[in-house]
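Okay, structure_32.cif now, which holds mmCIF, C-alpha atoms:
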```cif
data_final
#
loop_
_atom_site.label_atom_id
_atom_site.label_comp_id
_atom_site.auth_asym_id
_atom_site.auth_seq_id
_atom_site.Cartn_x
_atom_site.Cartn_y
_atom_site.Cartn_z
CA MET R 1421 18.57 11.32 24.69
CA LEU R 1422 17.95 12.75 21.23
CA ALA R 1423 14.78 10.67 20.95
CA THR R 1424 13.52 12.12 24.24
CA LEU R 1425 14.22 15.70 23.13
CA ILE R 1426 12.56 15.31 19.74
CA THR R 1427 9.44 13.71 21.21
CA ALA R 1428 9.29 16.39 23.91
CA GLY R 1429 9.62 19.10 21.25
CA VAL R 1430 6.73 17.74 19.20
CA ALA R 1431 4.59 17.37 22.33
CA PHE R 1432 5.44 20.96 23.33
CA VAL R 1433 4.35 22.31 19.94
CA PHE R 1434 1.00 20.54 20.34
CA TYR R 1435 0.63 21.93 23.86
CA LEU R 1436 1.33 25.45 22.57
CA LEU R 1437 -1.32 25.03 19.89
CA LEU R 1438 -3.87 23.79 22.42
CA THR R 1439 -3.27 26.69 24.81
CA PHE R 1440 -3.19 29.36 22.08
CA GLY R 1441 -4.41 32.72 23.34
CA SER R 1442 -4.13 32.08 27.07
CA GLY R 1443 -1.98 35.06 28.16
CA THR R 1444 0.51 37.82 27.40
CA VAL R 1445 3.93 36.17 26.75
CA GLY R 1446 3.49 36.05 22.98
CA VAL R 1447 -0.04 34.73 23.16
CA TRP R 1448 0.64 32.30 26.00
CA SER R 1449 0.60 32.75 29.75
CA ILE R 1450 3.77 31.95 31.71
CA GLU R 1451 2.02 29.22 33.74
CA GLU R 1452 0.96 27.39 30.61
CA LEU R 1453 4.48 27.57 29.19
CA ILE R 1454 6.02 26.05 32.34
CA THR R 1455 3.33 23.35 32.63
CA GLY R 1456 3.74 22.55 28.96
CA ALA R 1457 7.52 22.25 29.22
CA VAL R 1458 7.31 19.90 32.22
CA LEU R 1459 4.56 17.75 30.70
CA SER R 1460 6.32 17.44 27.34
CA LEU R 1461 9.54 16.39 29.05
CA VAL R 1462 7.60 13.66 30.85
CA ALA R 1463 5.99 12.62 27.58
CA GLY R 1464 9.41 12.56 25.89
CA LEU R 1465 10.90 10.40 28.65
CA VAL R 1466 8.03 7.93 28.51
CA ALA R 1467 7.45 7.72 24.75
CA GLY R 1468 10.79 8.71 23.20
CA ARG R 1469 12.06 5.19 22.70
CA VAL R 1470 8.84 4.18 20.95
CA ALA R 1471 8.40 7.27 18.79
CA VAL R 1472 11.97 7.57 17.47
CA ARG R 1473 13.79 4.32 16.82
CA ARG R 1474 15.79 2.51 14.18
CA GLU R 1475 13.76 0.16 12.04
CA GLY R 1476 14.72 -2.87 10.03
CA GLY R 1477 16.61 -2.32 6.78
CA GLU R 1478 18.93 0.40 5.59
CA ARG R 1479 16.02 2.74 4.79
CA GLY R 1480 14.87 2.88 8.41
CA HIS R 1481 17.04 5.73 9.67
CA PRO R 1482 15.52 6.89 12.99
CA LEU R 1483 15.64 10.62 12.18
CA ARG R 1484 14.41 10.48 8.58
CA MET R 1485 11.01 12.02 9.36
CA LEU R 1486 12.71 15.25 10.55
CA ASN R 1487 13.56 15.99 6.93
CA PRO R 1488 11.30 18.94 5.96
CA LEU R 1489 10.98 17.58 2.42
CA ARG R 1490 9.32 14.43 3.76
CA ILE R 1491 6.91 16.45 5.90
CA LEU R 1492 6.07 18.66 2.92
CA LEU R 1493 5.50 15.57 0.76
CA PHE R 1494 3.23 14.18 3.47
CA LEU R 1495 1.10 17.35 3.52
CA VAL R 1496 0.93 17.41 -0.28
CA TYR R 1497 -0.16 13.77 -0.24
CA LEU R 1498 -2.79 14.50 2.41
CA VAL R 1499 -4.55 17.35 0.60
CA GLY R 1500 -3.90 16.12 -2.94
CA PRO R 1501 -4.15 12.47 -4.02
CA PHE R 1502 -5.41 11.18 -0.68
CA LEU R 1503 -8.33 13.58 -0.29
CA PHE R 1504 -9.28 13.06 -3.94
CA ALA R 1505 -9.25 9.25 -3.61
CA MET R 1506 -11.19 9.50 -0.38
CA ALA R 1507 -13.90 11.69 -1.91
CA LYS R 1508 -14.22 9.37 -4.91
CA ALA R 1509 -14.44 6.29 -2.71
CA ASN R 1510 -16.97 7.98 -0.45
CA LEU R 1511 -19.30 8.64 -3.37
CA ASP R 1512 -18.85 5.03 -4.47
CA VAL R 1513 -19.71 3.68 -1.01
CA ALA R 1514 -22.64 6.09 -0.75
CA TYR R 1515 -23.96 4.56 -3.97
CA ARG R 1516 -23.52 1.07 -2.50
CA VAL R 1517 -25.28 2.03 0.74
CA ILE R 1518 -28.31 3.17 -1.21
CA THR R 1519 -28.47 0.35 -3.76
CA GLY R 1520 -27.05 -2.48 -1.60
CA LYS R 1521 -24.85 -3.87 -4.41
CA ILE R 1522 -21.80 -5.35 -2.66
CA ARG R 1523 -19.31 -8.14 -3.38
CA PRO R 1524 -17.23 -8.28 -0.18
CA GLY R 1525 -14.09 -10.32 0.30
CA ILE R 1526 -10.65 -10.31 1.91
CA VAL R 1527 -7.75 -9.98 -0.54
CA ARG R 1528 -4.01 -10.06 -0.03
CA LEU R 1529 -1.79 -7.13 -1.05
CA THR R 1530 1.99 -7.11 -1.42
CA PRO R 1531 2.95 -3.42 -1.32
CA GLY R 1532 6.67 -4.17 -0.92
CA LEU R 1533 7.37 -1.60 1.81
CA SER R 1534 10.25 -2.24 4.17
CA THR R 1535 9.65 -0.03 7.23
CA ASP R 1536 7.00 -0.20 9.95
CA PHE R 1537 6.12 3.46 9.52
CA GLY R 1538 5.56 3.04 5.79
CA VAL R 1539 3.26 0.08 6.34
CA THR R 1540 1.37 1.97 9.06
CA LEU R 1541 0.91 4.95 6.77
CA LEU R 1542 -0.34 2.74 3.94
CA ALA R 1543 -2.64 0.67 6.18
CA ASN R 1544 -4.13 3.82 7.71
CA SER R 1545 -4.65 5.35 4.26
CA ILE R 1546 -6.35 2.16 3.09
CA THR R 1547 -8.56 2.00 6.17
CA LEU R 1548 -9.52 5.66 5.97
CA THR R 1549 -10.63 5.23 2.36
CA PRO R 1550 -14.15 3.80 2.29
CA GLY R 1551 -14.50 0.49 0.50
CA THR R 1552 -11.18 -0.89 1.71
CA LEU R 1553 -10.35 -1.91 5.28
CA SER R 1554 -7.07 -3.43 6.41
CA VAL R 1555 -7.95 -6.40 8.60
CA ASP R 1556 -4.57 -7.94 9.34
CA VAL R 1557 -0.89 -7.62 8.53
CA ASP R 1558 1.68 -10.33 7.92
CA GLU R 1559 4.48 -9.27 10.25
CA GLU R 1560 7.24 -11.08 8.35
CA ASN R 1561 6.97 -9.87 4.76
CA ARG R 1562 4.60 -6.94 5.52
CA ASP R 1563 1.70 -8.11 3.38
CA LEU R 1564 -1.67 -6.56 4.10
CA TYR R 1565 -4.98 -8.42 4.26
CA VAL R 1566 -7.61 -5.98 3.06
CA HIS R 1567 -11.38 -6.33 3.28
CA TRP R 1568 -12.65 -4.96 0.00
CA ILE R 1569 -16.31 -4.14 -0.49
CA ASN R 1570 -16.39 -4.64 -4.25
CA VAL R 1571 -14.10 -7.49 -5.27
CA THR R 1572 -13.60 -7.44 -9.02
CA ASP R 1573 -10.63 -9.81 -9.01
CA PRO R 1574 -9.69 -12.34 -6.26
CA GLU R 1575 -5.96 -11.78 -6.90
CA PRO R 1576 -5.86 -8.03 -7.54
CA SER R 1577 -2.82 -5.90 -8.17
CA THR R 1578 -2.02 -3.36 -5.47
CA LYS R 1579 -2.89 -0.59 -7.90
CA ALA R 1580 -6.44 -1.90 -8.39
CA VAL R 1581 -7.20 -1.69 -4.67
CA CYS R 1582 -5.47 1.43 -3.44
CA GLY R 1583 -4.17 3.30 -6.50
CA SER R 1584 -0.99 5.29 -5.96
CA PHE R 1585 -0.92 5.03 -2.13
CA PRO R 1586 2.05 2.62 -1.92
CA ASP R 1587 4.22 4.89 -4.10
CA TRP R 1588 3.44 7.86 -1.88
CA ALA R 1589 4.03 5.85 1.29
CA ARG R 1590 7.42 4.79 -0.11
CA ARG R 1591 8.33 8.37 -1.03
CA ILE R 1592 7.30 9.74 2.36
CA ALA R 1593 8.48 7.10 4.79
CA GLU R 1594 11.42 5.27 3.23
CA MET U 1215 -19.77 33.44 3.27
CA HIS U 1216 -22.56 31.91 5.31
CA ILE U 1217 -23.89 30.08 2.30
CA PHE U 1218 -20.48 28.47 1.80
CA LEU U 1219 -20.50 27.32 5.44
CA TYR U 1220 -24.02 25.93 5.07
CA VAL U 1221 -22.90 23.96 2.02
CA LEU U 1222 -19.99 22.48 3.98
CA PHE U 1223 -22.26 21.58 6.88
CA GLY U 1224 -24.83 20.12 4.50
CA ILE U 1225 -22.28 17.83 2.84
CA GLY U 1226 -20.97 16.77 6.25
CA VAL U 1227 -24.39 15.97 7.65
CA ALA U 1228 -25.39 14.13 4.47
CA PHE U 1229 -22.38 11.81 4.71
CA ASN U 1230 -22.92 11.27 8.43
CA GLY U 1231 -26.51 10.31 7.66
CA LEU U 1232 -25.34 7.86 4.99
CA GLY U 1233 -23.01 6.32 7.57
CA ALA U 1234 -25.97 5.74 9.88
CA LEU U 1235 -27.98 4.28 7.00
CA ALA U 1236 -25.11 1.91 6.21
CA LEU U 1237 -25.42 0.42 9.71
CA ILE U 1238 -28.95 -0.68 8.88
CA ARG U 1239 -28.42 -1.83 5.32
CA PHE U 1240 -25.15 -3.75 5.37
CA PRO U 1241 -25.08 -7.42 6.44
CA ASP U 1242 -22.04 -7.96 8.69
CA VAL U 1243 -19.47 -6.23 10.88
CA TYR U 1244 -16.87 -5.57 8.17
CA THR U 1245 -19.19 -3.95 5.65
CA ARG U 1246 -20.81 -1.96 8.45
CA LEU U 1247 -17.39 -0.68 9.47
CA HIS U 1248 -16.98 0.64 5.93
CA GLY U 1249 -20.09 2.75 6.15
CA ALA U 1250 -20.20 3.61 9.81
CA THR U 1251 -16.61 4.64 10.40
CA LYS U 1252 -15.55 6.12 7.09
CA CYS U 1253 -18.58 7.95 5.84
CA THR U 1254 -18.76 9.58 9.26
CA THR U 1255 -15.06 10.52 9.08
CA PHE U 1256 -15.58 12.16 5.71
CA GLY U 1257 -18.64 13.99 7.04
CA SER U 1258 -16.77 15.10 10.13
CA ILE U 1259 -13.94 16.47 7.97
CA PHE U 1260 -16.43 18.78 6.28
CA THR U 1261 -18.05 19.96 9.53
CA ALA U 1262 -14.59 20.55 11.06
CA VAL U 1263 -13.46 22.49 7.97
CA ALA U 1264 -16.56 24.64 8.29
CA VAL U 1265 -15.65 25.44 11.90
CA ILE U 1266 -12.04 26.21 10.90
CA VAL U 1267 -13.09 28.54 8.08
CA TYR U 1268 -15.57 30.31 10.36
CA GLY U 1269 -13.02 30.67 13.14
CA PHE U 1270 -10.33 32.25 10.96
CA ALA U 1271 -12.80 34.41 9.02
CA ARG U 1272 -14.42 35.81 12.15
CA GLY U 1273 -11.01 36.68 13.63
CA GLY U 1274 -10.10 37.59 17.22
CA THR U 1275 -8.22 35.38 19.66
CA THR U 1276 -11.28 33.45 20.86
CA TYR U 1277 -12.33 32.37 17.40
CA GLN U 1278 -8.78 31.64 16.27
CA THR U 1279 -8.43 29.38 19.31
CA LEU U 1280 -11.62 27.63 18.26
CA ALA U 1281 -10.24 27.11 14.74
CA ILE U 1282 -6.91 25.77 16.02
CA HIS U 1283 -8.68 23.36 18.34
CA ALA U 1284 -10.80 22.18 15.42
CA ILE U 1285 -7.60 21.53 13.41
CA ILE U 1286 -6.18 19.44 16.25
CA ALA U 1287 -9.47 17.56 16.60
CA LEU U 1288 -9.34 16.84 12.86
CA LEU U 1289 -5.76 15.53 13.11
CA ALA U 1290 -6.69 13.32 16.07
CA LEU U 1291 -9.69 12.00 14.13
CA LEU U 1292 -7.56 11.20 11.08
CA ILE U 1293 -5.10 9.22 13.21
CA THR U 1294 -7.41 7.43 15.65
CA ASN U 1295 -10.23 6.51 13.27
CA PRO U 1296 -8.33 4.08 11.00
CA THR U 1297 -6.49 2.66 14.00
CA GLY U 1298 -9.75 2.01 15.80
CA SER U 1299 -11.58 0.46 12.88
CA HIS U 1300 -8.56 -1.72 12.09
CA ALA U 1301 -8.55 -2.89 15.72
CA ILE U 1302 -12.27 -3.75 15.58
CA ALA U 1303 -11.89 -5.60 12.26
CA ARG U 1304 -8.87 -7.58 13.42
CA ALA U 1305 -10.46 -8.45 16.76
CA SER U 1306 -13.64 -9.66 15.10
CA TYR U 1307 -11.71 -11.80 12.63
CA ARG U 1308 -9.66 -13.34 15.42
CA SER U 1309 -12.79 -14.10 17.44
CA GLY U 1310 -14.07 -16.12 14.50
CA ILE U 1311 -16.51 -13.86 12.65
CA LYS U 1312 -16.26 -14.64 8.93
CA PRO U 1313 -17.18 -11.99 6.36
CA LYS U 1314 -20.72 -12.71 5.20
CA GLY U 1315 -21.20 -13.54 1.53
CA ALA U 1316 -17.49 -13.15 0.81
CA VAL U 1317 -16.38 -14.07 -2.70
CA VAL U 1318 -12.78 -14.55 -1.56
CA ASP U 1319 -11.12 -14.86 1.86
CA LYS U 1320 -7.33 -14.95 1.67
CA LEU U 1321 -6.95 -14.67 5.41
CA GLU U 1322 -8.62 -18.05 5.89
CA ASP U 1323 -5.94 -19.78 3.80
CA ARG U 1324 -3.20 -18.45 6.01
CA SER U 1325 -4.34 -19.74 9.41
#
```
Translate this file's structure into structure tokens.
Amino acid sequence: MLATLITAGVAFVFYLLLTFGSGTVGVWSIEELITGAVLSLVAGLVAGRVAVRREGGERGHPLRMLNPLRILLFLVYLVGPFLFAMAKANLDVAYRVITGKIRPGIVRLTPGLSTDFGVTLLANSITLTPGTLSVDVDEENRDLYVHWINVTDPEPSTKAVCGSFPDWARRIAE
Amino acid sequence: MHIFLYVLFGIGVAFNGLGALALIRFPDVYTRLHGATKCTTFGSIFTAVAVIVYGFARGGTTYQTLAIHAIIALLALLITNPTGSHAIARASYRSGIKPKGAVVDKLEDRS
């Protein structure tokens, strides 16, 4: 029930953003508000159980991402360390595109995260950063297999591949 | 103001062009994914930011709507792009494509 309502609420906010400026109730038209409410309820009913659920371990409380501090941390991470690392890696890959100097390989990382959301956040951060690409995940102990374009060390530390991402993922999601 | 927007667009287009170049220069599917999906994401972030800045600076409901839609497009891009490239990489590994010229392949030891 709570899961349905939360998912519906998030969906409704997105619907309101998409139909910004359509009428006179606030900035929305009454038809859009009704359609949005109905559609977000449907979305909540369908996806609630997937979007909000308890995960393995004591850190996996289902409602932890509603904490505004976590959302703020996530935004800080997005515009701060993540964007900086991404820009740096982009310049590096741009250099490799032009010169063709690559040493590719698949390495194994042990980030030590305990929730699915944390691993997803880390894997997406790794994949979005050029030069590293998460190919597969070990479902049991949550190790990541990462395709790395410039292997300097076949058994690298997590820090060498993705810097401070695991710390941020732990702070945000666990 | 316009010069700032042109700079943003220029950076975006430059990185998108590099992504296209990477498709030609890199040897196999994994390295091509690096160039083709991520350089283009970074380029698209800059073009989207240019649209957002223009929309809010110009003002008026129409342009604000444009800016908000660009923000949502950016969010969708940031979520779907890594998911998609991860799916391509994983599918190609499972269908037996080995990384070309790899110095190390830990995934091979596992299976």
Name the residues captured by the PyMOL selection byres ((chain R) within 6 of (chain U)) when it is applied to the shown file; answer as a compact mmCIF listing (two decimals) with C-alpha atoms, in the frame of the given file.
```
# COMPACT_ATOMS: atom_id res chain seq x y z
CA PHE R 1440 -3.19 29.36 22.08
CA GLY R 1441 -4.41 32.72 23.34
CA VAL R 1517 -25.28 2.03 0.74
CA PRO R 1524 -17.23 -8.28 -0.18
CA GLY R 1525 -14.09 -10.32 0.30
CA ILE R 1526 -10.65 -10.31 1.91
CA VAL R 1527 -7.75 -9.98 -0.54
CA ASN R 1544 -4.13 3.82 7.71
CA THR R 1547 -8.56 2.00 6.17
CA LEU R 1548 -9.52 5.66 5.97
CA PRO R 1550 -14.15 3.80 2.29
CA GLY R 1551 -14.50 0.49 0.50
CA VAL R 1555 -7.95 -6.40 8.60
CA ASP R 1556 -4.57 -7.94 9.34
```
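Take CA of Ile1569 in chain R and CA of Ile1311 in chain U: the distance between them is 16.3 Å.
Coordinates place CA of Phe1434 in chain R at a distance of 23.2 Å from CA of Arg1272 in chain U.
Residue nearest Val1433 in chain R, chosen from R:Ile1592, R:Leu1529, R:Ala1457, R:Leu1553 and counting all atoms listed in the file: R:Ala1457.
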Written as an MDAnalysis selection string, which residues does the PyMOL selection byres ((chain U and resi 1265) around 12) give for the file shown? chainID U and resid 1216 1218:1220 1222:1223 1226 1258:1264 1266:1272 1277:1285 1287:1288
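Counting from CA of Val1496 in chain R, the distance to CA of Ile1546 in chain R is 17.2 Å.
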Picked residues, the PyMOL selection byres ((chain R and resi 1463) around 10), as a PDB file with C-alpha atoms, keeping the file's coordinate frame:
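Saved result, result_38.pdb, follows:
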```pdb
ATOM      1  CA  THR R1424      13.520  12.120  24.240  1.00  0.00           C
ATOM      2  CA  LEU R1425      14.220  15.700  23.130  1.00  0.00           C
ATOM      3  CA  THR R1427       9.440  13.710  21.210  1.00  0.00           C
ATOM      4  CA  ALA R1428       9.290  16.390  23.910  1.00  0.00           C
ATOM      5  CA  GLY R1429       9.620  19.100  21.250  1.00  0.00           C
ATOM      6  CA  VAL R1430       6.730  17.740  19.200  1.00  0.00           C
ATOM      7  CA  ALA R1431       4.590  17.370  22.330  1.00  0.00           C
ATOM      8  CA  PHE R1432       5.440  20.960  23.330  1.00  0.00           C
ATOM      9  CA  ALA R1457       7.520  22.250  29.220  1.00  0.00           C
ATOM     10  CA  VAL R1458       7.310  19.900  32.220  1.00  0.00           C
ATOM     11  CA  LEU R1459       4.560  17.750  30.700  1.00  0.00           C
ATOM     12  CA  SER R1460       6.320  17.440  27.340  1.00  0.00           C
ATOM     13  CA  LEU R1461       9.540  16.390  29.050  1.00  0.00           C
ATOM     14  CA  VAL R1462       7.600  13.660  30.850  1.00  0.00           C
ATOM     15  CA  GLY R1464       9.410  12.560  25.890  1.00  0.00           C
ATOM     16  CA  LEU R1465      10.900  10.400  28.650  1.00  0.00           C
ATOM     17  CA  VAL R1466       8.030   7.930  28.510  1.00  0.00           C
ATOM     18  CA  ALA R1467       7.450   7.720  24.750  1.00  0.00           C
ATOM     19  CA  GLY R1468      10.790   8.710  23.200  1.00  0.00           C
TER      20      GLY R1468
END
```
Do you know which residues are at most 9 Å from range 1450-1453 of chain R counting all atoms listed in the file, after dropping those on the same chain fewer than 3 positions away, and could you put them as a PyMOL selection string? chain R and resi 1432+1435-1436+1439+1442-1445+1456-1458
Please determine an axis-aligned box that encloses all atoms of range 1295-1301 of chain U listed in the file, with 6 Å added on each side, and express its centre and edge lengths in Å to one decimal as JSON.
```
{"center_x": -9.0, "center_y": 1.8, "center_z": 13.4, "size_x": 17.1, "size_y": 21.4, "size_z": 16.8}
```
